[in-house]
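Printed here is input.cif (mmCIF, N, CA and C atoms):
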data_structure
#
loop_
_atom_site.label_atom_id
_atom_site.label_comp_id
_atom_site.auth_asym_id
_atom_site.auth_seq_id
_atom_site.Cartn_x
_atom_site.Cartn_y
_atom_site.Cartn_z
N MET A 1 0.86 -1.15 0.00
CA MET A 1 0.00 0.00 0.00
C MET A 1 0.91 1.21 0.00
N ASN A 2 0.66 2.12 -0.91
CA ASN A 2 1.67 3.15 -1.10
C ASN A 2 1.10 4.47 -1.54
N CYS A 3 1.99 5.42 -1.67
CA CYS A 3 1.70 6.71 -2.28
C CYS A 3 2.42 6.68 -3.62
N CYS A 4 1.74 7.02 -4.66
CA CYS A 4 2.38 6.87 -5.96
C CYS A 4 2.26 8.16 -6.78
N ILE A 5 3.17 8.30 -7.73
CA ILE A 5 3.15 9.42 -8.66
C ILE A 5 2.78 8.85 -10.01
N GLN A 6 1.76 9.43 -10.64
CA GLN A 6 1.30 8.94 -11.93
C GLN A 6 1.26 10.09 -12.92
N ALA A 7 1.75 9.85 -14.12
CA ALA A 7 1.65 10.85 -15.18
C ALA A 7 0.33 10.62 -15.90
N GLU A 8 -0.45 11.67 -16.07
CA GLU A 8 -1.73 11.54 -16.73
C GLU A 8 -1.95 12.75 -17.63
N GLU A 9 -1.93 12.53 -18.93
CA GLU A 9 -2.15 13.58 -19.91
C GLU A 9 -1.34 14.85 -19.62
N GLY A 10 -0.04 14.69 -19.45
CA GLY A 10 0.83 15.84 -19.24
C GLY A 10 0.87 16.37 -17.82
N CYS A 11 0.15 15.74 -16.91
CA CYS A 11 0.13 16.18 -15.51
C CYS A 11 0.82 15.14 -14.64
N ILE A 12 1.33 15.59 -13.52
CA ILE A 12 1.88 14.67 -12.52
C ILE A 12 0.94 14.72 -11.34
N SER A 13 0.53 13.56 -10.88
CA SER A 13 -0.40 13.46 -9.77
C SER A 13 0.24 12.66 -8.65
N VAL A 14 0.23 13.21 -7.46
CA VAL A 14 0.70 12.48 -6.28
C VAL A 14 -0.56 12.12 -5.50
N ALA A 15 -0.85 10.83 -5.44
CA ALA A 15 -2.09 10.39 -4.80
C ALA A 15 -1.85 9.14 -3.99
N PRO A 16 -2.58 8.99 -2.87
CA PRO A 16 -2.44 7.78 -2.07
C PRO A 16 -3.05 6.57 -2.76
N SER A 17 -2.59 5.40 -2.34
CA SER A 17 -3.19 4.16 -2.83
C SER A 17 -4.63 4.08 -2.34
N GLN A 18 -5.49 3.51 -3.15
CA GLN A 18 -6.89 3.30 -2.78
C GLN A 18 -7.06 1.84 -2.40
N VAL A 19 -7.36 1.58 -1.13
CA VAL A 19 -7.52 0.21 -0.64
C VAL A 19 -8.76 0.17 0.24
N CYS A 20 -9.65 -0.77 -0.03
CA CYS A 20 -10.88 -0.92 0.75
C CYS A 20 -10.62 -1.85 1.94
N ILE A 21 -11.13 -1.45 3.10
CA ILE A 21 -11.10 -2.30 4.29
C ILE A 21 -12.54 -2.73 4.55
N ARG A 22 -12.74 -4.04 4.76
CA ARG A 22 -14.09 -4.55 5.02
C ARG A 22 -14.02 -5.57 6.15
N MET A 23 -14.94 -5.45 7.10
CA MET A 23 -14.98 -6.37 8.24
C MET A 23 -16.42 -6.54 8.70
N VAL A 24 -16.64 -7.49 9.59
CA VAL A 24 -17.96 -7.74 10.15
C VAL A 24 -18.08 -7.00 11.47
N ARG A 25 -19.21 -6.36 11.66
CA ARG A 25 -19.51 -5.63 12.91
C ARG A 25 -19.39 -6.58 14.10
N GLY A 26 -18.78 -6.06 15.17
CA GLY A 26 -18.67 -6.84 16.39
C GLY A 26 -17.55 -7.86 16.40
N THR A 27 -16.54 -7.68 15.52
CA THR A 27 -15.39 -8.59 15.50
C THR A 27 -14.12 -7.80 15.74
N THR A 28 -13.05 -8.51 16.05
CA THR A 28 -11.74 -7.90 16.23
C THR A 28 -10.86 -8.32 15.06
N ASN A 29 -10.23 -7.35 14.40
CA ASN A 29 -9.39 -7.62 13.24
C ASN A 29 -8.16 -6.74 13.25
N THR A 30 -7.03 -7.31 12.83
CA THR A 30 -5.79 -6.56 12.70
C THR A 30 -5.42 -6.48 11.23
N PHE A 31 -5.11 -5.27 10.78
CA PHE A 31 -4.69 -5.04 9.40
C PHE A 31 -3.27 -4.50 9.40
N GLU A 32 -2.44 -5.07 8.54
CA GLU A 32 -1.06 -4.62 8.38
C GLU A 32 -0.97 -3.72 7.15
N PHE A 33 -0.23 -2.63 7.29
CA PHE A 33 -0.02 -1.70 6.19
C PHE A 33 1.47 -1.57 5.93
N VAL A 34 1.83 -1.49 4.66
CA VAL A 34 3.22 -1.24 4.27
C VAL A 34 3.22 0.08 3.51
N LEU A 35 3.88 1.08 4.06
CA LEU A 35 3.96 2.39 3.42
C LEU A 35 5.14 2.40 2.47
N THR A 36 4.88 2.78 1.22
CA THR A 36 5.90 2.75 0.19
C THR A 36 6.01 4.10 -0.50
N ASP A 37 7.08 4.23 -1.28
CA ASP A 37 7.30 5.46 -2.04
C ASP A 37 6.73 5.32 -3.45
N ALA A 38 7.06 6.29 -4.30
CA ALA A 38 6.53 6.30 -5.67
C ALA A 38 6.97 5.10 -6.48
N GLU A 39 8.11 4.51 -6.13
CA GLU A 39 8.60 3.31 -6.84
C GLU A 39 8.11 2.03 -6.18
N ARG A 40 7.17 2.17 -5.26
CA ARG A 40 6.60 1.05 -4.51
C ARG A 40 7.61 0.34 -3.62
N GLU A 41 8.61 1.08 -3.21
CA GLU A 41 9.61 0.56 -2.26
C GLU A 41 9.22 1.02 -0.85
N PRO A 42 9.34 0.15 0.16
CA PRO A 42 9.00 0.54 1.52
C PRO A 42 9.82 1.75 1.98
N VAL A 43 9.15 2.64 2.73
CA VAL A 43 9.84 3.79 3.31
C VAL A 43 10.11 3.50 4.78
N ASP A 44 11.19 4.03 5.30
CA ASP A 44 11.55 3.84 6.71
C ASP A 44 10.66 4.74 7.56
N ILE A 45 9.79 4.14 8.36
CA ILE A 45 8.89 4.89 9.23
C ILE A 45 9.29 4.77 10.70
N SER A 46 10.51 4.31 10.95
CA SER A 46 10.95 4.06 12.33
C SER A 46 10.81 5.28 13.23
N ALA A 47 11.09 6.47 12.69
CA ALA A 47 11.03 7.71 13.48
C ALA A 47 9.72 8.46 13.29
N ASP A 48 8.77 7.86 12.58
CA ASP A 48 7.53 8.55 12.23
C ASP A 48 6.35 8.07 13.06
N GLU A 49 5.37 8.95 13.22
CA GLU A 49 4.08 8.57 13.76
C GLU A 49 3.20 8.22 12.57
N VAL A 50 2.43 7.15 12.68
CA VAL A 50 1.50 6.78 11.61
C VAL A 50 0.10 6.76 12.23
N ARG A 51 -0.81 7.53 11.61
CA ARG A 51 -2.17 7.67 12.12
C ARG A 51 -3.17 7.06 11.15
N LEU A 52 -4.17 6.40 11.70
CA LEU A 52 -5.28 5.89 10.91
C LEU A 52 -6.54 6.58 11.43
N THR A 53 -7.26 7.23 10.52
CA THR A 53 -8.49 7.94 10.88
C THR A 53 -9.63 7.44 10.01
N VAL A 54 -10.76 7.11 10.65
CA VAL A 54 -11.97 6.69 9.95
C VAL A 54 -13.02 7.78 10.19
N ARG A 55 -13.65 8.23 9.09
CA ARG A 55 -14.70 9.25 9.19
C ARG A 55 -15.96 8.75 8.50
N ASP A 56 -17.10 9.34 8.87
CA ASP A 56 -18.36 8.91 8.26
C ASP A 56 -18.50 9.41 6.82
N TYR A 57 -17.81 10.47 6.43
CA TYR A 57 -17.73 10.94 5.06
C TYR A 57 -16.59 11.94 4.98
N TYR A 58 -16.25 12.42 3.79
CA TYR A 58 -15.13 13.35 3.65
C TYR A 58 -15.34 14.55 4.55
N ASP A 59 -14.33 14.84 5.36
CA ASP A 59 -14.35 15.95 6.32
C ASP A 59 -15.48 15.82 7.33
N GLY A 60 -15.98 14.61 7.51
CA GLY A 60 -17.08 14.37 8.43
C GLY A 60 -16.60 14.05 9.83
N GLU A 61 -17.51 13.51 10.62
CA GLU A 61 -17.22 13.17 12.01
C GLU A 61 -16.23 12.01 12.09
N SER A 62 -15.26 12.15 12.96
CA SER A 62 -14.29 11.09 13.18
C SER A 62 -14.96 9.97 13.95
N LYS A 63 -14.87 8.74 13.41
CA LYS A 63 -15.48 7.57 14.04
C LYS A 63 -14.46 6.72 14.78
N ILE A 64 -13.27 6.58 14.20
CA ILE A 64 -12.20 5.78 14.81
C ILE A 64 -10.89 6.50 14.57
N GLN A 65 -10.04 6.57 15.59
CA GLN A 65 -8.69 7.11 15.42
C GLN A 65 -7.71 6.19 16.14
N LYS A 66 -6.65 5.84 15.43
CA LYS A 66 -5.59 5.01 15.99
C LYS A 66 -4.27 5.59 15.53
N TRP A 67 -3.22 5.38 16.31
CA TRP A 67 -1.91 5.85 15.90
C TRP A 67 -0.83 4.96 16.48
N ASN A 68 0.25 4.87 15.74
CA ASN A 68 1.45 4.17 16.18
C ASN A 68 2.56 5.19 16.26
N LEU A 69 3.17 5.28 17.41
CA LEU A 69 4.25 6.24 17.64
C LEU A 69 5.58 5.70 17.13
N PRO A 70 6.57 6.57 16.97
CA PRO A 70 7.89 6.09 16.54
C PRO A 70 8.37 4.95 17.43
N GLY A 71 8.94 3.95 16.80
CA GLY A 71 9.48 2.81 17.54
C GLY A 71 8.46 1.73 17.88
N THR A 72 7.18 1.91 17.50
CA THR A 72 6.17 0.91 17.84
C THR A 72 5.66 0.15 16.63
N HIS A 73 6.25 0.36 15.47
CA HIS A 73 5.79 -0.30 14.24
C HIS A 73 6.26 -1.75 14.19
N LEU A 74 5.60 -2.58 13.39
CA LEU A 74 5.99 -3.98 13.23
C LEU A 74 7.43 -4.09 12.74
N ASP A 75 7.75 -3.33 11.71
CA ASP A 75 9.08 -3.31 11.11
C ASP A 75 9.25 -1.95 10.44
N GLY A 76 9.58 -0.95 11.27
CA GLY A 76 9.65 0.43 10.79
C GLY A 76 10.60 0.63 9.62
N ALA A 77 11.74 -0.04 9.63
CA ALA A 77 12.72 0.12 8.56
C ALA A 77 12.15 -0.30 7.21
N ASN A 78 11.19 -1.22 7.22
CA ASN A 78 10.57 -1.70 5.98
C ASN A 78 9.14 -1.21 5.82
N GLY A 79 8.78 -0.12 6.50
CA GLY A 79 7.50 0.53 6.32
C GLY A 79 6.29 -0.21 6.83
N ARG A 80 6.47 -1.23 7.70
CA ARG A 80 5.37 -2.07 8.16
C ARG A 80 4.82 -1.61 9.51
N THR A 81 3.51 -1.39 9.55
CA THR A 81 2.82 -1.06 10.79
C THR A 81 1.46 -1.74 10.76
N SER A 82 0.80 -1.84 11.90
CA SER A 82 -0.51 -2.49 11.91
C SER A 82 -1.44 -1.77 12.88
N PHE A 83 -2.73 -1.96 12.63
CA PHE A 83 -3.75 -1.41 13.51
C PHE A 83 -4.78 -2.50 13.77
N THR A 84 -5.22 -2.58 15.03
CA THR A 84 -6.24 -3.55 15.41
C THR A 84 -7.54 -2.82 15.68
N PHE A 85 -8.61 -3.33 15.06
CA PHE A 85 -9.95 -2.80 15.27
C PHE A 85 -10.67 -3.75 16.21
N THR A 86 -11.26 -3.20 17.26
CA THR A 86 -11.92 -4.00 18.29
C THR A 86 -13.44 -4.02 18.07
N VAL A 87 -14.10 -4.82 18.86
CA VAL A 87 -15.57 -4.89 18.84
C VAL A 87 -16.16 -3.49 19.03
N GLU A 88 -15.60 -2.73 19.97
CA GLU A 88 -16.10 -1.40 20.27
C GLU A 88 -15.95 -0.44 19.09
N ASP A 89 -14.90 -0.61 18.29
CA ASP A 89 -14.66 0.27 17.14
C ASP A 89 -15.79 0.20 16.12
N THR A 90 -16.39 -0.97 15.96
CA THR A 90 -17.40 -1.15 14.92
C THR A 90 -18.82 -1.23 15.47
N SER A 91 -19.00 -1.02 16.77
CA SER A 91 -20.33 -1.17 17.37
C SER A 91 -21.31 -0.09 16.90
N GLU A 92 -20.79 1.05 16.44
CA GLU A 92 -21.67 2.11 15.96
C GLU A 92 -22.22 1.81 14.55
N GLY A 93 -21.63 0.86 13.89
CA GLY A 93 -22.11 0.48 12.56
C GLY A 93 -23.53 -0.06 12.62
N SER A 94 -24.21 -0.03 11.49
CA SER A 94 -25.59 -0.49 11.42
C SER A 94 -25.70 -1.98 11.73
N ALA A 95 -26.73 -2.35 12.46
CA ALA A 95 -26.97 -3.75 12.78
C ALA A 95 -27.64 -4.50 11.63
N ILE A 96 -28.17 -3.75 10.62
CA ILE A 96 -28.91 -4.43 9.55
C ILE A 96 -28.44 -4.07 8.14
N ASP A 97 -27.64 -3.04 7.98
CA ASP A 97 -27.14 -2.62 6.67
C ASP A 97 -25.62 -2.47 6.71
N ILE A 98 -24.99 -2.48 5.55
CA ILE A 98 -23.55 -2.21 5.47
C ILE A 98 -23.31 -0.75 5.83
N THR A 99 -22.36 -0.50 6.69
CA THR A 99 -21.97 0.86 7.06
C THR A 99 -20.84 1.28 6.14
N PHE A 100 -20.99 2.43 5.49
CA PHE A 100 -19.99 2.95 4.55
C PHE A 100 -19.30 4.15 5.18
N TRP A 101 -18.05 3.98 5.58
CA TRP A 101 -17.24 5.06 6.09
C TRP A 101 -16.01 5.20 5.19
N LEU A 102 -15.13 6.14 5.49
CA LEU A 102 -13.88 6.37 4.75
C LEU A 102 -12.73 6.41 5.74
N TYR A 103 -11.53 6.03 5.27
CA TYR A 103 -10.37 6.06 6.16
C TYR A 103 -9.15 6.57 5.40
N GLU A 104 -8.13 6.95 6.19
CA GLU A 104 -6.82 7.28 5.62
C GLU A 104 -5.74 6.84 6.58
N VAL A 105 -4.57 6.51 6.02
CA VAL A 105 -3.37 6.22 6.80
C VAL A 105 -2.39 7.35 6.49
N ARG A 106 -2.05 8.11 7.53
CA ARG A 106 -1.23 9.31 7.38
C ARG A 106 0.10 9.15 8.13
N ARG A 107 1.17 9.48 7.48
CA ARG A 107 2.52 9.43 8.06
C ARG A 107 2.91 10.84 8.47
N VAL A 108 3.34 10.99 9.73
CA VAL A 108 3.79 12.29 10.23
C VAL A 108 5.26 12.17 10.57
N ARG A 109 6.08 12.91 9.84
CA ARG A 109 7.53 12.85 10.01
C ARG A 109 7.99 13.74 11.15
N PRO A 110 9.18 13.50 11.71
CA PRO A 110 9.66 14.27 12.86
C PRO A 110 9.64 15.79 12.66
N GLY A 111 9.88 16.28 11.46
CA GLY A 111 9.85 17.72 11.21
C GLY A 111 8.45 18.28 11.04
N GLY A 112 7.44 17.42 11.06
CA GLY A 112 6.05 17.87 10.94
C GLY A 112 5.42 17.64 9.58
N ALA A 113 6.21 17.26 8.57
CA ALA A 113 5.63 16.99 7.25
C ALA A 113 4.68 15.81 7.34
N GLU A 114 3.53 15.91 6.66
CA GLU A 114 2.52 14.86 6.68
C GLU A 114 2.25 14.36 5.27
N HIS A 115 2.06 13.05 5.15
CA HIS A 115 1.79 12.43 3.86
C HIS A 115 0.72 11.37 4.04
N VAL A 116 -0.34 11.42 3.23
CA VAL A 116 -1.35 10.36 3.24
C VAL A 116 -0.89 9.30 2.25
N HIS A 117 -0.64 8.10 2.75
CA HIS A 117 -0.14 7.01 1.92
C HIS A 117 -1.25 6.11 1.39
N ILE A 118 -2.30 5.93 2.21
CA ILE A 118 -3.36 4.98 1.86
C ILE A 118 -4.70 5.60 2.27
N GLN A 119 -5.70 5.41 1.44
CA GLN A 119 -7.05 5.82 1.81
C GLN A 119 -8.05 4.94 1.09
N GLY A 120 -9.29 4.99 1.52
CA GLY A 120 -10.30 4.20 0.84
C GLY A 120 -11.57 4.06 1.64
N ARG A 121 -12.40 3.16 1.18
CA ARG A 121 -13.66 2.89 1.87
C ARG A 121 -13.40 1.99 3.07
N PHE A 122 -14.16 2.20 4.11
CA PHE A 122 -14.10 1.40 5.32
C PHE A 122 -15.51 0.85 5.52
N LEU A 123 -15.71 -0.43 5.19
CA LEU A 123 -17.04 -1.03 5.18
C LEU A 123 -17.21 -1.98 6.37
N ILE A 124 -18.36 -1.86 7.00
CA ILE A 124 -18.68 -2.75 8.12
C ILE A 124 -19.96 -3.50 7.77
N ASP A 125 -19.82 -4.81 7.60
CA ASP A 125 -20.98 -5.66 7.33
C ASP A 125 -21.70 -5.97 8.64
N PRO A 126 -23.02 -6.05 8.62
CA PRO A 126 -23.73 -6.44 9.83
C PRO A 126 -23.43 -7.90 10.18
N ALA A 127 -23.40 -8.20 11.45
CA ALA A 127 -23.21 -9.59 11.89
C ALA A 127 -24.50 -10.36 11.59
N VAL A 128 -24.37 -11.64 11.30
CA VAL A 128 -25.53 -12.46 10.95
C VAL A 128 -26.58 -12.42 12.07
N GLY A 129 -26.12 -12.44 13.31
CA GLY A 129 -27.06 -12.39 14.45
C GLY A 129 -27.56 -11.00 14.74
N GLY A 130 -26.94 -9.97 14.15
CA GLY A 130 -27.37 -8.60 14.34
C GLY A 130 -26.90 -7.95 15.63
N GLU A 131 -26.46 -8.73 16.58
CA GLU A 131 -26.04 -8.19 17.87
C GLU A 131 -24.52 -8.08 17.94
N VAL A 132 -24.05 -7.07 18.66
CA VAL A 132 -22.62 -6.92 18.91
C VAL A 132 -22.32 -7.55 20.26
N PRO A 133 -21.35 -8.47 20.31
CA PRO A 133 -21.01 -9.09 21.61
C PRO A 133 -20.60 -8.04 22.63
N THR A 134 -20.89 -8.31 23.91
CA THR A 134 -20.49 -7.39 24.98
C THR A 134 -19.44 -8.00 25.85
#
Let's see the structure in the file written out as structure tokens.
Amino acid sequence: MNCCIQAEEGCISVAPSQVCIRMVRGTTNTFEFVLTDAEREPVDISADEVRLTVRDYYDGESKIQKWNLPGTHLDGANGRTSFTFTVEDTSEGSAIDITFWLYEVRRVRPGGAEHVHIQGRFLIDPAVGGEVPT
């Protein structure tokens, strides 16, 4: 999962990778992300904070926020970090319909520069029983 540069009709576009996350409401899931550069090579995030934010729509209400501080990544030198979503994170999702939210993975460098590497839809399917475990 990366940030890439694409040439399109004489323009250069720097845009994050589009990746959909989908899970069942009321479950616990861990997702691993690999942050890469324009050549799809992993970037060293050892000294960086990486934030994951889920919103109900663009610039909407924040539903879930998670972050990994410098030194807490799975393998920072190779751009690997992970986030775990708990039962509580998805309990606000609909019990009978798919919940459609949006998310982004943002890298914050020590000097303050920020880069969105990954973004996409964050979908929560209702559990077959409809109830969220307590």
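Close contacts of stretch 53-64 of chain A, defined as residues with an atom at most 5 Å away when counting all atoms listed in the file, with chain neighbours fewer than 4 positions off set aside, comprise Trp101, Leu102, Tyr103 and Glu104 of chain A.
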As a check of understanding: the span from atom N of A:Asp125 to atom CA of A:Thr72 is 28.5 Å
Which of stretch 32-127 of chain A DSSP labels helix (DSSP H, G or I), written as a list in words: Gly76, Ala77, Asn78, Val87, Glu88, Asp89 and Thr90 of chain A
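Running the PyMOL selection byres ((chain A and resi 71) around 6.5) on this file leaves Ile45, Ser46, Ala47, Asp48, Leu69, Pro70, Thr72 and His73 of chain A selected.
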Result set, the PyMOL selection byres (((chain A and resi 105 and name CA) around 7) and name CA) on current file, as a short mmCIF file (atom, residue, chain, number, x, y, z; two decimals) with N, CA and C atoms, keeping the file's coordinate frame:
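Saved to part33.cif:
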data_model
loop_
_atom_site.label_atom_id
_atom_site.label_comp_id
_atom_site.auth_asym_id
_atom_site.auth_seq_id
_atom_site.Cartn_x
_atom_site.Cartn_y
_atom_site.Cartn_z
N VAL A 50 2.43 7.15 12.68
CA VAL A 50 1.50 6.78 11.61
C VAL A 50 0.10 6.76 12.23
N ARG A 51 -0.81 7.53 11.61
CA ARG A 51 -2.17 7.67 12.12
C ARG A 51 -3.17 7.06 11.15
N LEU A 52 -4.17 6.40 11.70
CA LEU A 52 -5.28 5.89 10.91
C LEU A 52 -6.54 6.58 11.43
N THR A 53 -7.26 7.23 10.52
CA THR A 53 -8.49 7.94 10.88
C THR A 53 -9.63 7.44 10.01
N GLU A 104 -8.13 6.95 6.19
CA GLU A 104 -6.82 7.28 5.62
C GLU A 104 -5.74 6.84 6.58
N ARG A 106 -2.05 8.11 7.53
CA ARG A 106 -1.23 9.31 7.38
C ARG A 106 0.10 9.15 8.13
N ARG A 107 1.17 9.48 7.48
CA ARG A 107 2.52 9.43 8.06
C ARG A 107 2.91 10.84 8.47
N VAL A 116 -0.34 11.42 3.23
CA VAL A 116 -1.35 10.36 3.24
C VAL A 116 -0.89 9.30 2.25
N HIS A 117 -0.64 8.10 2.75
CA HIS A 117 -0.14 7.01 1.92
C HIS A 117 -1.25 6.11 1.39
N ILE A 118 -2.30 5.93 2.21
CA ILE A 118 -3.36 4.98 1.86
C ILE A 118 -4.70 5.60 2.27
N GLN A 119 -5.70 5.41 1.44
CA GLN A 119 -7.05 5.82 1.81
C GLN A 119 -8.05 4.94 1.09
#
Using DSSP assignments from the backbone, pull out every residue in stretch 1-107 of chain A that falls under strand (DSSP E or B) and give it to me as a PyMOL selection string. chain A and resi 2-8+11-18+21-24+29-34+36+42+49-55+62-68+75+80-85+99-107
